[in-house]
>>> print(open('upload_34.tsv').read())   # TSV, C-alpha atoms
chain	number	residue	atom	x	y	z
Z	1	MET	CA	-27.96	-19.67	21.13
Z	2	ALA	CA	-30.78	-18.57	18.81
Z	3	SER	CA	-32.14	-15.04	19.18
Z	4	ALA	CA	-35.77	-14.18	19.86
Z	5	ASP	CA	-36.22	-13.22	16.17
Z	6	ASP	CA	-34.95	-16.59	14.97
Z	7	LEU	CA	-38.04	-18.47	13.81
Z	8	SER	CA	-36.24	-20.64	11.28
Z	9	THR	CA	-37.83	-23.77	12.76
Z	10	VAL	CA	-41.38	-22.38	12.47
Z	11	VAL	CA	-43.66	-23.19	9.53
Z	12	TRP	CA	-46.96	-21.33	9.29
Z	13	ARG	CA	-49.91	-21.56	6.90
Z	14	HIS	CA	-53.62	-20.61	6.87
Z	15	ASP	CA	-55.52	-22.83	4.47
Z	16	GLU	CA	-58.93	-21.14	4.93
Z	17	TRP	CA	-57.60	-17.68	4.15
Z	18	ALA	CA	-55.62	-18.98	1.17
Z	19	ARG	CA	-58.71	-20.70	-0.25
Z	20	CYS	CA	-60.88	-17.61	0.23
Z	21	TYR	CA	-58.56	-14.90	-1.08
Z	22	GLY	CA	-55.78	-16.77	-2.82
Z	23	VAL	CA	-52.06	-16.02	-2.47
Z	24	THR	CA	-50.96	-13.62	-5.22
Z	25	ASN	CA	-48.63	-10.65	-5.61
Z	26	GLU	CA	-51.43	-8.35	-4.39
Z	27	THR	CA	-52.50	-10.45	-1.38
Z	28	VAL	CA	-49.29	-12.12	-0.19
Z	29	LEU	CA	-48.37	-9.27	2.21
Z	30	ALA	CA	-51.84	-9.37	3.75
Z	31	TYR	CA	-51.46	-13.14	4.11
Z	32	PHE	CA	-48.03	-12.62	5.68
Z	33	GLU	CA	-49.50	-10.20	8.27
Z	34	LEU	CA	-51.38	-13.10	9.85
Z	35	SER	CA	-48.20	-15.09	10.54
Z	36	PRO	CA	-45.97	-14.95	13.66
Z	37	PHE	CA	-43.19	-13.54	11.47
Z	38	TYR	CA	-44.99	-10.21	11.14
Z	39	ASP	CA	-44.06	-7.25	13.37
Z	40	ARG	CA	-47.07	-5.29	14.64
Z	41	ASP	CA	-44.87	-2.27	15.24
Z	42	SER	CA	-43.76	-2.04	11.60
Z	43	LYS	CA	-44.51	0.68	9.08
Z	44	ASN	CA	-46.70	-1.81	7.23
Z	45	GLU	CA	-49.03	-1.93	10.22
Z	46	GLU	CA	-49.34	1.84	10.24
Z	47	LEU	CA	-50.20	1.91	6.53
Z	48	ARG	CA	-52.74	-0.84	7.08
Z	49	LYS	CA	-54.44	1.18	9.82
Z	50	TRP	CA	-54.63	4.15	7.46
Z	51	HIS	CA	-55.94	1.89	4.70
Z	52	ARG	CA	-53.15	2.99	2.44
Z	53	PRO	CA	-51.55	0.62	-0.06
Z	54	ILE	CA	-48.20	-0.82	0.92
Z	55	THR	CA	-45.84	0.62	-1.65
Z	56	GLU	CA	-42.21	1.73	-1.59
Z	57	GLU	CA	-43.17	5.40	-1.69
Z	58	ASN	CA	-45.69	5.10	1.14
Z	59	LEU	CA	-43.16	3.27	3.33
Z	60	LYS	CA	-40.55	5.98	2.71
Z	61	SER	CA	-43.04	8.68	3.68
Z	62	ILE	CA	-43.44	7.36	7.22
Z	63	PRO	CA	-40.87	8.93	9.57
Z	64	GLY	CA	-38.77	6.87	11.93
Z	65	SER	CA	-36.60	3.80	11.58
Z	66	ARG	CA	-39.18	1.09	12.13
Z	67	VAL	CA	-38.94	-2.10	10.12
Z	68	GLU	CA	-40.67	-2.67	6.80
Z	69	PHE	CA	-41.85	-5.73	4.91
Z	70	VAL	CA	-41.71	-5.62	1.12
Z	71	LEU	CA	-42.25	-8.16	-1.62
Z	72	GLN	CA	-38.82	-8.77	-3.13
Z	73	ASP	CA	-39.49	-11.49	-5.68
Z	74	ALA	CA	-42.34	-13.71	-6.81
Z	75	GLN	CA	-43.04	-16.70	-8.99
Z	76	GLU	CA	-46.82	-16.93	-8.94
Z	77	PRO	CA	-48.59	-18.90	-7.69
Z	78	HIS	CA	-46.05	-21.02	-5.84
Z	79	LEU	CA	-43.18	-18.89	-4.52
Z	80	PHE	CA	-42.97	-15.42	-2.97
Z	81	VAL	CA	-39.96	-13.84	-1.24
Z	82	ILE	CA	-40.58	-11.16	1.42
Z	83	ARG	CA	-37.75	-9.02	2.79
Z	84	LYS	CA	-37.67	-7.46	6.25
Z	85	GLN	CA	-35.69	-4.23	6.08
Z	86	GLN	CA	-34.93	-1.04	7.99
Z	87	ARG	CA	-34.02	2.44	6.79
Z	88	ARG	CA	-31.41	4.38	8.70
Z	89	GLN	CA	-33.08	7.65	7.77
Z	90	ALA	CA	-36.58	8.54	6.67
Z	91	ALA	CA	-37.03	8.67	2.89
Z	92	ALA	CA	-33.65	6.97	2.41
Z	93	LYS	CA	-33.32	5.20	-0.92
Z	94	SER	CA	-31.52	2.17	0.50
Z	95	ALA	CA	-32.42	-0.03	3.44
Z	96	ASP	CA	-30.60	-2.69	5.44
Z	97	THR	CA	-31.92	-6.23	5.09
Z	98	LEU	CA	-32.70	-7.80	8.47
Z	99	ALA	CA	-34.30	-11.09	7.42
Z	100	ALA	CA	-35.96	-12.87	4.53
Z	101	TYR	CA	-39.07	-15.03	4.37
Z	102	TYR	CA	-40.53	-17.11	1.59
Z	103	VAL	CA	-44.03	-18.34	0.95
Z	104	LEU	CA	-44.01	-21.71	-0.77
Z	105	ASP	CA	-47.39	-23.09	-1.81
Z	106	GLY	CA	-49.12	-21.32	1.08
Z	107	SER	CA	-46.53	-22.22	3.76
Z	108	ILE	CA	-44.38	-19.42	5.20
Z	109	TYR	CA	-40.79	-20.05	6.28
Z	110	GLN	CA	-38.01	-17.87	7.59
Z	111	ALA	CA	-34.97	-18.11	5.35
Z	112	PRO	CA	-31.85	-19.21	7.22
Z	113	THR	CA	-29.03	-16.74	7.70
Z	114	LEU	CA	-25.72	-17.09	5.91
Z	115	HIS	CA	-24.10	-18.12	9.18
Z	116	ALA	CA	-26.68	-20.85	9.71
Z	117	VAL	CA	-26.25	-22.13	6.15
Z	118	ILE	CA	-22.46	-22.27	6.43
Z	119	SER	CA	-22.63	-23.92	9.86
Z	120	SER	CA	-25.06	-26.53	8.58
Z	121	ARG	CA	-22.90	-27.26	5.54
Z	122	MET	CA	-19.80	-27.54	7.71
Z	123	ASP	CA	-21.54	-29.89	10.13
Z	124	ARG	CA	-22.69	-32.05	7.24
Z	125	SER	CA	-19.22	-32.03	5.70
Z	126	MET	CA	-17.62	-32.97	9.02
Z	127	TYR	CA	-20.07	-35.83	9.45
Z	128	ASN	CA	-19.40	-37.13	5.93
Z	129	MET	CA	-15.65	-36.86	6.46
Z	130	LYS	CA	-15.93	-38.73	9.76
Z	131	VAL	CA	-17.88	-41.53	8.09
Z	132	ALA	CA	-15.38	-41.66	5.22
Z	133	PHE	CA	-12.37	-41.82	7.56
Z	134	SER	CA	-14.03	-44.54	9.64
Z	135	LYS	CA	-14.60	-46.59	6.49
Z	136	MET	CA	-11.03	-45.95	5.37
Z	137	GLN	CA	-9.69	-46.99	8.77
Z	138	GLN	CA	-11.59	-50.27	8.59
Z	139	ASP	CA	-10.16	-50.94	5.13
Z	140	LEU	CA	-6.61	-50.03	6.14
Z	141	ASP	CA	-6.45	-51.85	9.48
Z	142	PRO	CA	-5.01	-55.08	7.95
Z	143	LEU	CA	-2.44	-53.09	5.99
Z	144	HIS	CA	-1.62	-51.06	9.07
Z	145	GLN	CA	-0.88	-54.24	11.01
Z	146	ASP	CA	1.46	-55.42	8.24
Z	147	VAL	CA	3.22	-52.06	8.26
Z	148	GLU	CA	3.66	-52.24	12.03
Z	149	ASP	CA	5.19	-55.72	11.75
Z	150	SER	CA	7.56	-54.54	9.01
Z	151	ALA	CA	8.50	-51.50	11.06
Z	152	ALA	CA	9.27	-53.70	14.09
Z	153	GLU	CA	11.51	-55.92	11.98
Z	154	ALA	CA	13.28	-52.89	10.54
Z	155	LEU	CA	13.86	-51.49	14.02
Z	156	GLN	CA	15.30	-54.83	15.14
Z	157	ARG	CA	17.70	-54.84	12.18
Z	158	GLN	CA	18.75	-51.29	12.94
Z	159	ALA	CA	19.39	-52.26	16.57
Z	160	ASP	CA	21.57	-55.19	15.49
Z	161	ILE	CA	23.60	-53.00	13.14
Z	162	PHE	CA	24.00	-50.41	15.87
Z	163	ARG	CA	25.29	-53.01	18.32
Z	164	GLN	CA	27.78	-54.22	15.71
Z	165	LYS	CA	28.99	-50.69	15.17
Z	166	VAL	CA	29.41	-50.21	18.92
Z	167	LEU	CA	31.50	-53.41	19.25
Z	168	SER	CA	33.67	-52.39	16.30
Z	169	ALA	CA	34.26	-48.99	17.87
Z	170	GLU	CA	35.31	-50.62	21.15
Z	171	GLU	CA	37.76	-52.84	19.32
Z	172	GLN	CA	39.23	-49.85	17.51
Z	173	GLU	CA	39.66	-48.04	20.80
Z	174	HIS	CA	41.46	-51.08	22.23
Z	175	VAL	CA	43.85	-51.11	19.26
Z	176	LYS	CA	44.54	-47.42	19.74
Z	177	ARG	CA	45.38	-47.98	23.41
Z	178	VAL	CA	47.84	-50.77	22.52
Z	179	ASP	CA	49.47	-48.55	19.89
Z	180	ARG	CA	49.95	-45.77	22.42
Z	181	ILE	CA	51.63	-48.17	24.88
Z	182	ILE	CA	54.02	-49.46	22.20
Z	183	MET	CA	54.94	-45.95	21.08
Z	184	ASN	CA	55.57	-44.93	24.68
Z	185	VAL	CA	57.98	-47.86	25.18
Z	186	LEU	CA	59.80	-47.16	21.91
Z	187	SER	CA	60.23	-43.50	22.79
Z	188	GLN	CA	62.25	-44.49	25.88
Z	189	LEU	CA	64.80	-46.53	23.84
Z	190	PRO	CA	67.91	-44.89	22.13
Z	191	ARG	CA	67.25	-44.01	18.59
Z	192	PRO	CA	69.33	-45.76	15.87
Z	193	ASN	CA	71.99	-43.70	13.94
Z	194	THR	CA	71.01	-42.44	10.59
Z	195	ALA	CA	72.92	-43.24	7.42
Z	196	SER	CA	74.79	-39.93	7.49
Z	197	GLN	CA	75.74	-40.48	11.12
Z	198	ARG	CA	77.03	-43.97	10.33
Z	199	GLU	CA	79.07	-42.61	7.40
Z	200	GLY	CA	80.63	-39.90	9.57
Z	201	TYR	CA	81.38	-42.45	12.25
Z	202	GLY	CA	83.23	-44.66	9.72
Z	203	GLN	CA	85.32	-41.75	8.43
Z	204	GLY	CA	86.32	-40.83	11.99
Z	205	GLN	CA	87.43	-44.37	12.70
Z	206	ALA	CA	89.63	-44.40	9.57
Z	207	ALA	CA	91.25	-41.09	10.50
Z	208	ALA	CA	91.98	-42.37	14.00
Z	209	ARG	CA	93.62	-45.50	12.62
Z	210	GLN	CA	95.74	-43.41	10.25
Z	211	ALA	CA	96.88	-41.19	13.11
Z	212	ARG	CA	97.77	-44.19	15.29
Z	213	TRP	CA	99.77	-45.73	12.42
Z	214	GLN	CA	101.73	-42.55	11.86
Z	215	ARG	CA	102.44	-42.21	15.59
Z	216	GLY	CA	103.72	-45.82	15.59
Z	217	ILE	CA	106.13	-45.08	12.73
Z	218	HIS	CA	107.47	-42.00	14.47
Z	219	GLU	CA	107.96	-43.89	17.71
Z	220	ARG	CA	109.90	-46.68	15.91
Z	221	ASP	CA	112.08	-44.11	14.15
Z	222	ARG	CA	112.89	-42.37	17.40
Z	223	ALA	CA	113.71	-45.70	19.05
Z	224	ALA	CA	116.07	-46.63	16.19
Z	225	VAL	CA	117.86	-43.28	16.38
Z	226	ALA	CA	118.26	-43.66	20.14
Z	227	ARG	CA	119.83	-47.12	19.75
Z	228	CYS	CA	122.31	-45.81	17.16
Z	229	LYS	CA	123.40	-43.02	19.44
Z	230	HIS	CA	123.84	-45.47	22.29
Z	231	CYS	CA	126.03	-47.77	20.17
Z	232	GLN	CA	128.28	-44.94	19.08
Z	233	ALA	CA	128.77	-43.79	22.63
Z	234	ALA	CA	129.71	-47.28	23.77
Z	235	SER	CA	132.43	-47.64	21.08
>>> encode(input="upload_34.tsv", output="structure tokens")
Amino acid sequence: MASADDLSTVVWRHDEWARCYGVTNETVLAYFELSPFYDRDSKNEELRKWHRPITEENLKSIPGSRVEFVLQDAQEPHLFVIRKQQRRQAAAKSADTLAAYYVLDGSIYQAPTLHAVISSRMDRSMYNMKVAFSKMQQDLDPLHQDVEDSAAEALQRQADIFRQKVLSAEEQEHVKRVDRIIMNVLSQLPRPNTASQREGYGQGQAAARQARWQRGIHERDRAAVARCKHCQAAS
């Protein structure tokens, strides 16, 4: 919301006064006093009532912290810059700038503040960017449709590959289940002898046969001896 001192939309001029007296470095402040930008409670007004010239020294000599209007810059006869300022202390060398005004070919304007300038530039930039993006969107709409179609096809291919991977994983799980069943059945069967066990088993069988053969010989010998003894006893 604009303040009461914001007169940036106001343009003021007085053609009759300008034709009679002219707008120069010496008369521009008097011309400015007629405009709505002038403050009747300023130090300039007090000097005017005393019929004293408006100079830097005379403004410093007035006590108080009322505002002042001074000519800051000029390019006669077309442009004059007037600064509205305020001193924190009487007779202070420096003053705070409150506003600026310029007189251009007899018309008086209030200079915009830095905030207003930046806001205006940003608004203009945002508008230009919006127009540019709208134009870009119109140019890219056909390409965007092609990209969407390509993306849909790519998603469909990815879905097909994913389904294939899922089926393959299910088949692998089925194979693993069959392998576990087979291994469970095999674990319940007796294990076959190893080569060393078979070799030991063969050696044991040979030793047993040798022992049986020797026992057979001994038994035949004992039987023969017994028959001889029986024959001798009978004779």
>>> atom_distance(input="upload_34.tsv", atom1="atom CA of Z:Ser107", atom2="atom CA of Z:Arg13")
4.7 Å
>>> closest_residue(input="upload_34.tsv", among="Z:Ala151, Z:Met136, Z:Ala111, Z:Leu34", to="Z:Trp12", atoms="only C-alpha atoms")
Z:Leu34
>>> closest_residue(input="upload_34.tsv", among="Z:Arg52, Z:Lys43, Z:Lys135, Z:Arg157", to="Z:Lys84", atoms="all atoms listed in the file")
Z:Lys43
>>> atom_distance(input="upload_34.tsv", atom1="atom CA of Z:Glu76", atom2="atom CA of Z:Leu104")
9.9 Å
>>> closest_residue(input="upload_34.tsv", among="Z:Ala132, Z:Leu114, Z:Val70, Z:Cys20", to="Z:Tyr102", atoms="all atoms listed in the file")
Z:Val70
>>> atom_distance(input="upload_34.tsv", atom1="atom CA of Z:Leu47", atom2="atom CA of Z:Gly64")
13.6 Å
>>> closest_residue(input="upload_34.tsv", among="Z:Leu59, Z:Ala116, Z:Leu29, Z:Val10", to="Z:Leu71", atoms="all atoms listed in the file")
Z:Leu29
>>> axis_aligned_box(input="upload_34.tsv", around="stretch 56-69 of chain Z", padding_each_side="6 Å", output="JSON")
{"center_x": -41.1, "center_y": 1.6, "center_z": 5.2, "size_x": 21.1, "size_y": 26.7, "size_z": 25.8}
>>> residues_near_point(input="upload_34.tsv", point="(-51.3, -17.7, 2.5)", cutoff="8 Å", atoms="all atoms listed in the file", output="PyMOL selection string")
chain Z and resi 13-15+17-18+22-23+28+31-32+103+105-108
>>> write_last_selection(input="upload_34.tsv", atoms="C-alpha atoms", output="compact mmCIF listing (two decimals), in the frame of the given file")
# COMPACT_ATOMS: atom_id res chain seq x y z
CA ARG Z 13 -49.91 -21.56 6.90
CA HIS Z 14 -53.62 -20.61 6.87
CA ASP Z 15 -55.52 -22.83 4.47
CA TRP Z 17 -57.60 -17.68 4.15
CA ALA Z 18 -55.62 -18.98 1.17
CA GLY Z 22 -55.78 -16.77 -2.82
CA VAL Z 23 -52.06 -16.02 -2.47
CA VAL Z 28 -49.29 -12.12 -0.19
CA TYR Z 31 -51.46 -13.14 4.11
CA PHE Z 32 -48.03 -12.62 5.68
CA VAL Z 103 -44.03 -18.34 0.95
CA ASP Z 105 -47.39 -23.09 -1.81
CA GLY Z 106 -49.12 -21.32 1.08
CA SER Z 107 -46.53 -22.22 3.76
CA ILE Z 108 -44.38 -19.42 5.20
>>> residues_near_point(input="upload_34.tsv", point="(-36.0, 5.5, 13.1)", cutoff="8 Å", atoms="all atoms listed in the file", output="list in words")
Pro63, Gly64, Ser65, Arg66, Arg87, Arg88, Gln89 and Ala90 of chain Z
>>> closest_residue(input="upload_34.tsv", among="Z:Trp50, Z:Tyr127, Z:Tyr101, Z:Phe37", to="Z:Ala74", atoms="all atoms listed in the file")
Z:Tyr101
>>> residues_around(input="upload_34.tsv", residues="stretch 92-94 of chain Z", least_positions_apart="5", cutoff="10 Å", atoms="all atoms listed in the file", output="list of chain:residue names")
Z:Glu56, Z:Glu57, Z:Lys60, Z:Ser61, Z:Gln85, Z:Gln86, Z:Arg87
